[in-house]
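As provided, model_20.cif (mmCIF, C-alpha atoms) reads as follows.
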data_final
#
loop_
_atom_site.label_atom_id
_atom_site.label_comp_id
_atom_site.auth_asym_id
_atom_site.auth_seq_id
_atom_site.Cartn_x
_atom_site.Cartn_y
_atom_site.Cartn_z
CA MET P 1 0.00 0.00 0.00
CA PRO P 2 1.72 3.25 -1.06
CA ARG P 3 1.92 5.97 1.51
CA THR P 4 0.54 9.18 0.02
CA LEU P 5 0.55 11.40 3.10
CA GLN P 6 3.77 12.98 4.36
CA LEU P 7 3.95 14.97 7.56
CA PRO P 8 5.26 18.50 6.97
CA GLU P 9 8.30 19.69 8.86
CA GLU P 10 7.48 21.52 12.07
CA ARG P 11 8.24 25.19 12.43
CA GLU P 12 9.16 24.53 16.04
CA THR P 13 8.95 21.79 18.65
CA PHE P 14 9.17 22.08 22.42
CA ALA P 15 8.84 19.78 25.38
CA LEU P 16 6.77 19.84 28.54
CA THR P 17 7.18 17.75 31.66
CA THR P 18 4.09 17.77 33.86
CA LEU P 19 4.10 17.90 37.64
CA ASP P 20 3.90 14.10 37.84
CA GLY P 21 6.74 13.60 35.36
CA ALA P 22 4.86 12.82 32.14
CA HIS P 23 6.64 14.11 29.03
CA PHE P 24 4.88 15.83 26.14
CA SER P 25 6.13 16.86 22.72
CA LEU P 26 4.38 19.94 21.32
CA ARG P 27 4.72 20.82 17.65
CA VAL P 28 4.12 24.13 15.91
CA HIS P 29 3.21 24.58 12.25
CA GLY P 30 2.08 27.49 10.12
CA PRO P 31 2.78 31.23 10.09
CA GLY P 32 3.45 32.84 13.45
CA ASP P 33 1.53 36.00 12.58
CA ARG P 34 -1.81 34.20 12.17
CA PRO P 35 -4.45 33.27 14.80
CA ARG P 36 -3.55 30.17 16.79
CA LEU P 37 -5.35 26.83 16.73
CA VAL P 38 -4.62 24.10 19.28
CA LEU P 39 -5.49 20.56 18.17
CA SER P 40 -5.55 17.06 19.63
CA HIS P 41 -7.05 13.64 18.98
CA GLY P 42 -9.35 10.83 20.08
CA ASN P 43 -8.72 7.90 22.41
CA GLY P 44 -6.06 5.49 21.13
CA PHE P 45 -5.12 7.71 18.19
CA ALA P 46 -2.52 10.46 17.64
CA ILE P 47 -2.73 13.94 16.16
CA ASP P 48 -0.19 13.17 13.39
CA GLY P 49 -2.78 10.75 11.98
CA TYR P 50 -5.22 13.64 11.59
CA LEU P 51 -2.97 15.28 8.97
CA PRO P 52 -5.69 14.81 6.29
CA PHE P 53 -7.72 17.33 8.31
CA TRP P 54 -5.18 19.81 9.67
CA ARG P 55 -3.16 20.13 6.47
CA HIS P 56 -6.05 22.26 5.17
CA LEU P 57 -5.33 24.78 7.95
CA LEU P 58 -1.57 25.09 7.56
CA CYS P 59 -1.47 28.24 5.47
CA ASP P 60 -3.95 30.34 7.41
CA PHE P 61 -3.29 29.52 11.06
CA GLU P 62 -0.56 28.89 13.55
CA LEU P 63 -1.16 25.28 14.60
CA VAL P 64 -0.08 23.78 17.92
CA LEU P 65 -0.41 19.99 17.95
CA PHE P 66 -0.11 17.66 20.91
CA ASP P 67 -0.82 14.06 21.85
CA PHE P 68 -2.31 12.97 25.16
CA ARG P 69 -0.09 11.18 27.67
CA ASN P 70 0.81 7.64 26.62
CA HIS P 71 -0.21 8.46 23.05
CA GLY P 72 1.56 9.29 19.81
CA ARG P 73 5.00 10.89 20.06
CA ASN P 74 4.95 11.11 23.85
CA PRO P 75 7.06 8.50 25.66
CA PHE P 76 5.17 5.94 27.69
CA HIS P 77 4.66 7.26 31.22
CA GLY P 78 2.82 4.28 32.68
CA PRO P 79 -0.70 3.65 33.96
CA GLY P 80 -0.42 6.13 36.82
CA GLY P 81 -2.37 9.25 35.89
CA HIS P 82 -3.94 7.71 32.81
CA ASP P 83 -7.39 8.95 33.75
CA TRP P 84 -9.80 11.75 32.97
CA PRO P 85 -8.97 14.06 35.93
CA THR P 86 -5.26 13.93 35.09
CA PHE P 87 -5.97 14.56 31.41
CA VAL P 88 -7.70 17.79 32.47
CA GLU P 89 -4.69 18.79 34.58
CA ASP P 90 -2.38 17.99 31.65
CA PHE P 91 -4.55 20.17 29.42
CA GLU P 92 -4.05 23.15 31.71
CA GLN P 93 -0.31 22.68 31.92
CA ILE P 94 -0.10 22.34 28.13
CA LEU P 95 -2.04 25.57 27.53
CA GLN P 96 0.15 27.41 30.02
CA SER P 97 3.26 26.05 28.33
CA VAL P 98 2.03 27.11 24.89
CA GLN P 99 1.42 30.67 26.01
CA ALA P 100 4.74 30.86 27.86
CA ARG P 101 6.65 29.59 24.84
CA LEU P 102 4.79 31.27 21.98
CA GLY P 103 3.22 34.30 23.66
CA ALA P 104 -0.40 35.31 24.10
CA LYS P 105 -2.60 35.66 21.02
CA PRO P 106 -6.18 34.86 19.94
CA THR P 107 -6.55 31.09 20.24
CA ALA P 108 -9.23 28.57 19.34
CA GLY P 109 -9.31 24.85 20.03
CA ILE P 110 -10.20 22.06 17.60
CA PHE P 111 -10.63 18.71 19.31
CA HIS P 112 -12.05 15.26 18.63
CA SER P 113 -13.74 12.78 20.96
CA LEU P 114 -11.38 12.25 23.94
CA SER P 115 -9.77 15.66 23.58
CA ALA P 116 -13.14 17.33 22.92
CA ILE P 117 -14.57 16.04 26.21
CA THR P 118 -11.36 16.98 28.01
CA SER P 119 -11.54 20.53 26.65
CA LEU P 120 -15.05 20.90 28.07
CA MET P 121 -14.06 19.47 31.45
CA HIS P 122 -11.07 21.84 31.44
CA ALA P 123 -13.26 24.85 30.66
CA VAL P 124 -15.56 23.99 33.56
CA LYS P 125 -12.68 23.54 36.00
CA PHE P 126 -10.20 26.21 34.90
CA GLY P 127 -12.35 28.73 33.04
CA TRP P 128 -12.82 29.75 29.43
CA ARG P 129 -9.46 30.21 27.66
CA TRP P 130 -10.62 30.39 24.06
CA GLU P 131 -12.01 32.66 21.40
CA ALA P 132 -13.95 29.57 20.26
CA LEU P 133 -14.05 25.78 20.45
CA VAL P 134 -14.71 23.43 17.52
CA LEU P 135 -15.56 19.99 18.88
CA PHE P 136 -15.94 16.94 16.68
CA GLU P 137 -18.25 14.38 18.30
CA PRO P 138 -17.59 14.70 22.03
CA PRO P 139 -19.26 11.45 23.22
CA ILE P 140 -20.53 12.78 26.55
CA LEU P 141 -22.70 10.31 28.40
CA PRO P 142 -26.20 11.81 28.78
CA PRO P 143 -27.96 11.86 32.18
CA LEU P 144 -29.67 8.74 33.51
CA SER P 145 -33.10 10.06 32.53
CA HIS P 146 -32.10 10.86 28.94
CA PRO P 147 -33.51 8.60 26.16
CA LEU P 148 -30.03 8.20 24.63
CA ARG P 149 -28.37 7.14 27.88
CA GLN P 150 -28.71 3.38 27.50
CA GLU P 151 -27.58 3.34 23.89
CA ALA P 152 -24.64 5.61 24.65
CA ARG P 153 -23.45 3.50 27.57
CA ALA P 154 -23.79 0.32 25.54
CA GLY P 155 -21.67 1.91 22.83
CA GLU P 156 -18.89 2.78 25.27
CA THR P 157 -18.98 -0.78 26.63
CA ARG P 158 -18.64 -2.21 23.12
CA VAL P 159 -15.62 -0.09 22.21
CA ALA P 160 -14.00 -0.81 25.59
CA GLU P 161 -14.35 -4.55 24.95
CA TRP P 162 -12.96 -4.11 21.43
CA ALA P 163 -10.00 -2.08 22.70
CA GLN P 164 -9.21 -4.62 25.41
CA GLN P 165 -8.99 -7.42 22.84
CA ARG P 166 -7.51 -5.62 19.82
CA PRO P 167 -4.21 -6.88 18.37
CA ASP P 168 -1.35 -4.98 19.97
CA ARG P 169 1.79 -6.26 18.20
CA PHE P 170 2.52 -6.00 14.47
CA LYS P 171 5.41 -6.89 12.24
CA ASP P 172 5.21 -3.39 10.75
CA PRO P 173 2.70 -0.49 10.47
CA GLU P 174 1.57 -1.81 7.10
CA GLU P 175 0.03 -4.83 8.81
CA LEU P 176 -2.24 -2.63 10.94
CA ALA P 177 -3.04 -0.36 7.99
CA LEU P 178 -4.22 -3.33 5.94
CA GLN P 179 -6.37 -4.60 8.82
CA TRP P 180 -8.08 -1.22 9.06
CA GLN P 181 -8.67 -1.07 5.32
CA GLY P 182 -10.61 -4.32 5.56
CA LYS P 183 -12.98 -3.15 8.31
CA PRO P 184 -16.17 -1.20 7.50
CA ALA P 185 -15.57 1.28 10.33
CA PHE P 186 -12.31 2.45 8.74
CA ARG P 187 -12.97 1.80 5.08
CA ASN P 188 -13.89 5.35 4.10
CA TRP P 189 -10.69 7.02 5.23
CA VAL P 190 -8.93 9.10 2.58
CA PRO P 191 -6.05 7.43 0.69
CA GLY P 192 -2.90 7.13 2.74
CA ALA P 193 -4.62 7.75 6.07
CA HIS P 194 -4.52 4.12 7.21
CA ARG P 195 -0.76 3.92 6.86
CA LEU P 196 -0.15 7.34 8.41
CA MET P 197 -2.34 6.64 11.43
CA ALA P 198 -0.75 3.22 11.92
CA GLU P 199 2.69 4.82 11.95
CA SER P 200 1.41 7.48 14.36
CA ILE P 201 0.07 5.10 17.00
CA LEU P 202 2.74 2.37 16.84
CA ARG P 203 6.26 2.35 18.27
CA HIS P 204 9.07 0.00 17.23
CA ASP P 205 10.47 -2.26 19.93
CA PRO P 206 14.12 -3.06 19.06
CA ARG P 207 14.14 -5.96 21.53
CA THR P 208 11.47 -7.90 19.65
CA GLY P 209 11.61 -6.26 16.23
CA LEU P 210 7.83 -5.73 16.44
CA TRP P 211 5.68 -2.62 16.52
CA GLY P 212 3.44 -2.10 19.55
CA LEU P 213 0.66 0.30 20.42
CA CYS P 214 1.90 3.57 21.95
CA CYS P 215 -1.23 3.54 24.11
CA PRO P 216 -1.59 0.01 25.53
CA ARG P 217 -4.96 -1.51 24.84
CA ALA P 218 -5.78 -1.86 28.55
CA LEU P 219 -5.36 1.89 29.03
CA GLU P 220 -7.41 2.69 25.94
CA ALA P 221 -10.19 0.45 27.23
CA LYS P 222 -9.96 2.05 30.68
CA ILE P 223 -10.77 5.48 29.27
CA TYR P 224 -13.82 4.17 27.42
CA ARG P 225 -15.07 2.44 30.57
CA GLU P 226 -14.51 5.53 32.69
CA ASN P 227 -16.20 7.93 30.28
CA VAL P 228 -18.87 8.70 32.87
CA HIS P 229 -18.98 12.30 34.08
CA PRO P 230 -22.33 12.79 35.83
CA ALA P 231 -22.03 16.56 36.30
CA LEU P 232 -20.60 17.52 32.92
CA TRP P 233 -23.84 17.51 30.91
CA GLY P 234 -25.48 20.10 33.14
CA GLN P 235 -22.29 22.18 33.35
CA LEU P 236 -22.22 22.80 29.61
CA SER P 237 -24.69 25.63 30.07
CA GLN P 238 -21.95 27.54 31.92
CA LEU P 239 -19.69 27.92 28.90
CA PRO P 240 -19.50 31.61 28.01
CA GLY P 241 -17.93 31.44 24.55
CA PRO P 242 -18.84 30.19 21.07
CA VAL P 243 -18.85 26.42 20.54
CA LEU P 244 -19.41 24.40 17.37
CA ILE P 245 -20.42 20.76 17.74
CA ALA P 246 -19.73 18.85 14.52
CA GLY P 247 -20.66 15.24 13.91
CA GLY P 248 -21.66 12.59 11.46
CA ASP P 249 -25.14 12.72 10.01
CA PRO P 250 -27.47 11.13 12.61
CA THR P 251 -30.23 10.68 10.03
CA GLN P 252 -28.25 8.47 7.63
CA GLY P 253 -27.40 5.51 9.84
CA THR P 254 -23.65 5.89 9.32
CA GLY P 255 -23.07 8.21 12.25
CA GLY P 256 -24.30 5.97 15.07
CA ILE P 257 -24.83 6.99 18.67
CA THR P 258 -21.99 9.51 18.77
CA ALA P 259 -23.62 11.47 15.94
CA LYS P 260 -26.92 11.47 17.83
CA ILE P 261 -25.18 12.71 20.97
CA ALA P 262 -23.45 15.50 19.03
CA ARG P 263 -26.76 16.76 17.67
CA THR P 264 -28.44 16.46 21.06
CA ILE P 265 -25.68 18.42 22.85
CA ALA P 266 -25.98 21.26 20.36
CA GLU P 267 -29.77 21.34 20.58
CA SER P 268 -29.81 21.10 24.39
CA PHE P 269 -27.35 23.93 25.02
CA GLY P 270 -27.78 26.19 21.99
CA PHE P 271 -24.36 25.51 20.48
CA ALA P 272 -23.72 25.88 16.77
CA TYR P 273 -24.08 22.54 15.01
CA ALA P 274 -22.97 20.92 11.78
CA ALA P 275 -23.56 17.39 10.48
CA ILE P 276 -21.19 16.00 7.86
CA PRO P 277 -23.17 13.59 5.62
CA ASN P 278 -22.13 9.98 5.16
CA THR P 279 -19.50 10.04 7.91
CA THR P 280 -18.87 8.18 11.15
CA HIS P 281 -17.16 9.09 14.41
CA LEU P 282 -13.91 9.42 12.44
CA LEU P 283 -15.35 12.09 10.16
CA MET P 284 -12.17 14.20 10.25
CA ILE P 285 -10.34 11.44 8.36
CA GLU P 286 -13.26 10.49 6.09
CA GLU P 287 -14.20 13.98 4.90
CA PRO P 288 -11.26 16.10 6.07
CA ALA P 289 -11.67 18.96 3.60
CA ARG P 290 -15.36 19.38 4.40
CA CYS P 291 -14.66 19.20 8.14
CA ALA P 292 -11.95 21.85 7.80
CA GLU P 293 -14.23 24.10 5.75
CA THR P 294 -16.95 23.72 8.38
CA ALA P 295 -14.55 24.64 11.18
CA VAL P 296 -13.14 27.67 9.36
CA ALA P 297 -16.60 28.93 8.38
CA PHE P 298 -17.66 28.83 12.03
CA LEU P 299 -14.49 30.57 13.20
CA ASP P 300 -15.13 33.26 10.58
CA ARG P 301 -18.75 33.73 11.76
CA VAL P 302 -17.66 34.31 15.35
CA GLY P 303 -14.99 36.81 14.34
CA PHE P 304 -11.93 34.69 15.07
CA LEU P 305 -10.33 35.20 11.66
CA ALA P 306 -10.32 38.94 12.22
CA ALA P 307 -8.91 38.67 15.76
#
Would you write out, as structure tokens, the structure that this file holds?
Amino acid sequence: MPRTLQLPEERETFALTTLDGAHFSLRVHGPGDRPRLVLSHGNGFAIDGYLPFWRHLLCDFELVLFDFRNHGRNPFHGPGGHDWPTFVEDFEQILQSVQARLGAKPTAGIFHSLSAITSLMHAVKFGWRWEALVLFEPPILPPLSHPLRQEARAGETRVAEWAQQRPDRFKDPEELALQWQGKPAFRNWVPGAHRLMAESILRHDPRTGLWGLCCPRALEAKIYRENVHPALWGQLSQLPGPVLIAGGDPTQGTGGITAKIARTIAESFGFAYAAIPNTTHLLMIEEPARCAETAVAFLDRVGFLAA
């Protein structure tokens, strides 16, 4: 399978060590005189694998990319702190580090799934730090009384069980890429994305000669199982700034429960909303140009491009 996606060279990279000793690699792309976007990824993935999406933003924004702990380019820290509350603390330290390193400027966040929920939890705990947030399918568990609750919880249980049992050693990234290509859930990714994402979430082990998951499957499954935040749903009404919730099309059957949740969040709290037709939870890799256009159009409407 030819690789057709090449990561561009970073303008700058810098490191962060959190209070508990976890190491993060932050990468900067794009012109320094443009508004800043901060981006991260979903559970078990890595932001390099979202290149099909963020490459459409390279010319018009300063991009700051980071992976969550135990993901992507970050060295493995261990199971300690691999939990939602620590992710929120990491988020705060990362944002402080970005401002200290690059200076203050108008900043918006673009986040998917795991990082989208974390950004909301961070805003509730630490306050609003953004000109705007663009959130792709934050799978927040609805309240017990909500009609989507049971379906949403069942969905998290299914993906946790899948993560716990997924293959975790490969002879090379191509092996994982080919597995993804053969599965309906990943079949509609743009050309080259399977290989790039496989390279982004695997690390070579020189002792065995094999490639293993950067985020061990047990830790990935743990985050799915623990995606229960009883207070968060009601706290979304406290957010003082503009938010776009983008998701798959909940009317087409391809989007699934996460698309339904995205629409319901937007309707319940008056957030801007966009549905991307014929996409799933991984819409940013299936229709990256359309997702980028949707994000930029929203940022333009709220005045971010003129900031």
- Would you mind reading off the distance between atom CA of P:Asn70 and atom CA of P:Glu12, one decimal, in Å?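 Separation of atom CA of P:Asn70 and atom CA of P:Glu12: 21.6 Å.
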Give me the residues within 9 Å of P:Gln93 as a PDB file with C-alpha atoms, in the coordinates of the input, counting all atoms listed in the file and dropping any in the same chain fewer than 5 places off.
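The resulting file, part.pdb, is reproduced below:
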ATOM      1  CA  LEU P  16       6.770  19.840  28.540  1.00  0.00           C
ATOM      2  CA  THR P  17       7.180  17.750  31.660  1.00  0.00           C
ATOM      3  CA  THR P  18       4.090  17.770  33.860  1.00  0.00           C
ATOM      4  CA  LEU P  19       4.100  17.900  37.640  1.00  0.00           C
ATOM      5  CA  VAL P  88      -7.700  17.790  32.470  1.00  0.00           C
ATOM      6  CA  VAL P  98       2.030  27.110  24.890  1.00  0.00           C
TER       7      VAL P  98
END
*Picked residues, the PyMOL selection byres ((chain P and resi 95) around 12), expected as a count of residues only*: 36
* To do: Show which residues sit within 6 Å of stretch 213-222 of chain P, as a count of residues only. Count only C-alpha atoms, and ignore same-chain residues fewer than 2 positions away.
  => 12
Distance of atom CA of P:Val134 from atom CA of P:Leu148, expressed in Å to one decimal place: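 Value for the atom CA of P:Leu148-atom CA of P:Val134 distance: 22.7 Å.
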Can you spell out as a PDB file with C-alpha atoms, in the coordinates of the input the set of residues that the PyMOL selection byres ((chain P and resi 11) around 7) selects in the structure I just provided?
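Listed below is the output, part-v6.pdb:
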ATOM      1  CA  GLU P   9       8.300  19.690   8.860  1.00  0.00           C
ATOM      2  CA  GLU P  10       7.480  21.520  12.070  1.00  0.00           C
ATOM      3  CA  GLU P  12       9.160  24.530  16.040  1.00  0.00           C
ATOM      4  CA  VAL P  28       4.120  24.130  15.910  1.00  0.00           C
ATOM      5  CA  HIS P  29       3.210  24.580  12.250  1.00  0.00           C
ATOM      6  CA  GLY P  30       2.080  27.490  10.120  1.00  0.00           C
TER       7      GLY P  30
END
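Separating atom CA of P:Pro230 from atom CA of P:Phe45 is a distance of 25.2 Å.
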* To do: Can you turn the PyMOL selection byres ((chain P and resi 287-294) around 10) into a concrete residue list for this file, as a PyMOL selection string?
  => chain P and resi 50-57+110+134+136+188-190+244+246-247+273-280+282-286+295-300
Can you tell me which residues surround P:Gly209 at a distance of at most 12 Å, considering only C-alpha atoms, apart from same-chain residues fewer than 5 positions away, and format the answer as an MDAnalysis selection string? chainID P and resid 169:172 203:204
| field | Spatial neighbours of P:Gly42, max dist 10 Å, all atoms listed in the file, sep filter under 4 positions, as a PyMOL selection string | value | chain P and resi 46-47+50+67-68+71+111-117+136-138+281-282
Using only C-alpha atoms, find all polymer residues with an atom at most 9 Å away from the point (2.9, 7.9, 36.3); report them as JSON, numbers by chain. {"P": [20, 21, 22, 77, 78, 79, 80, 81, 82]}
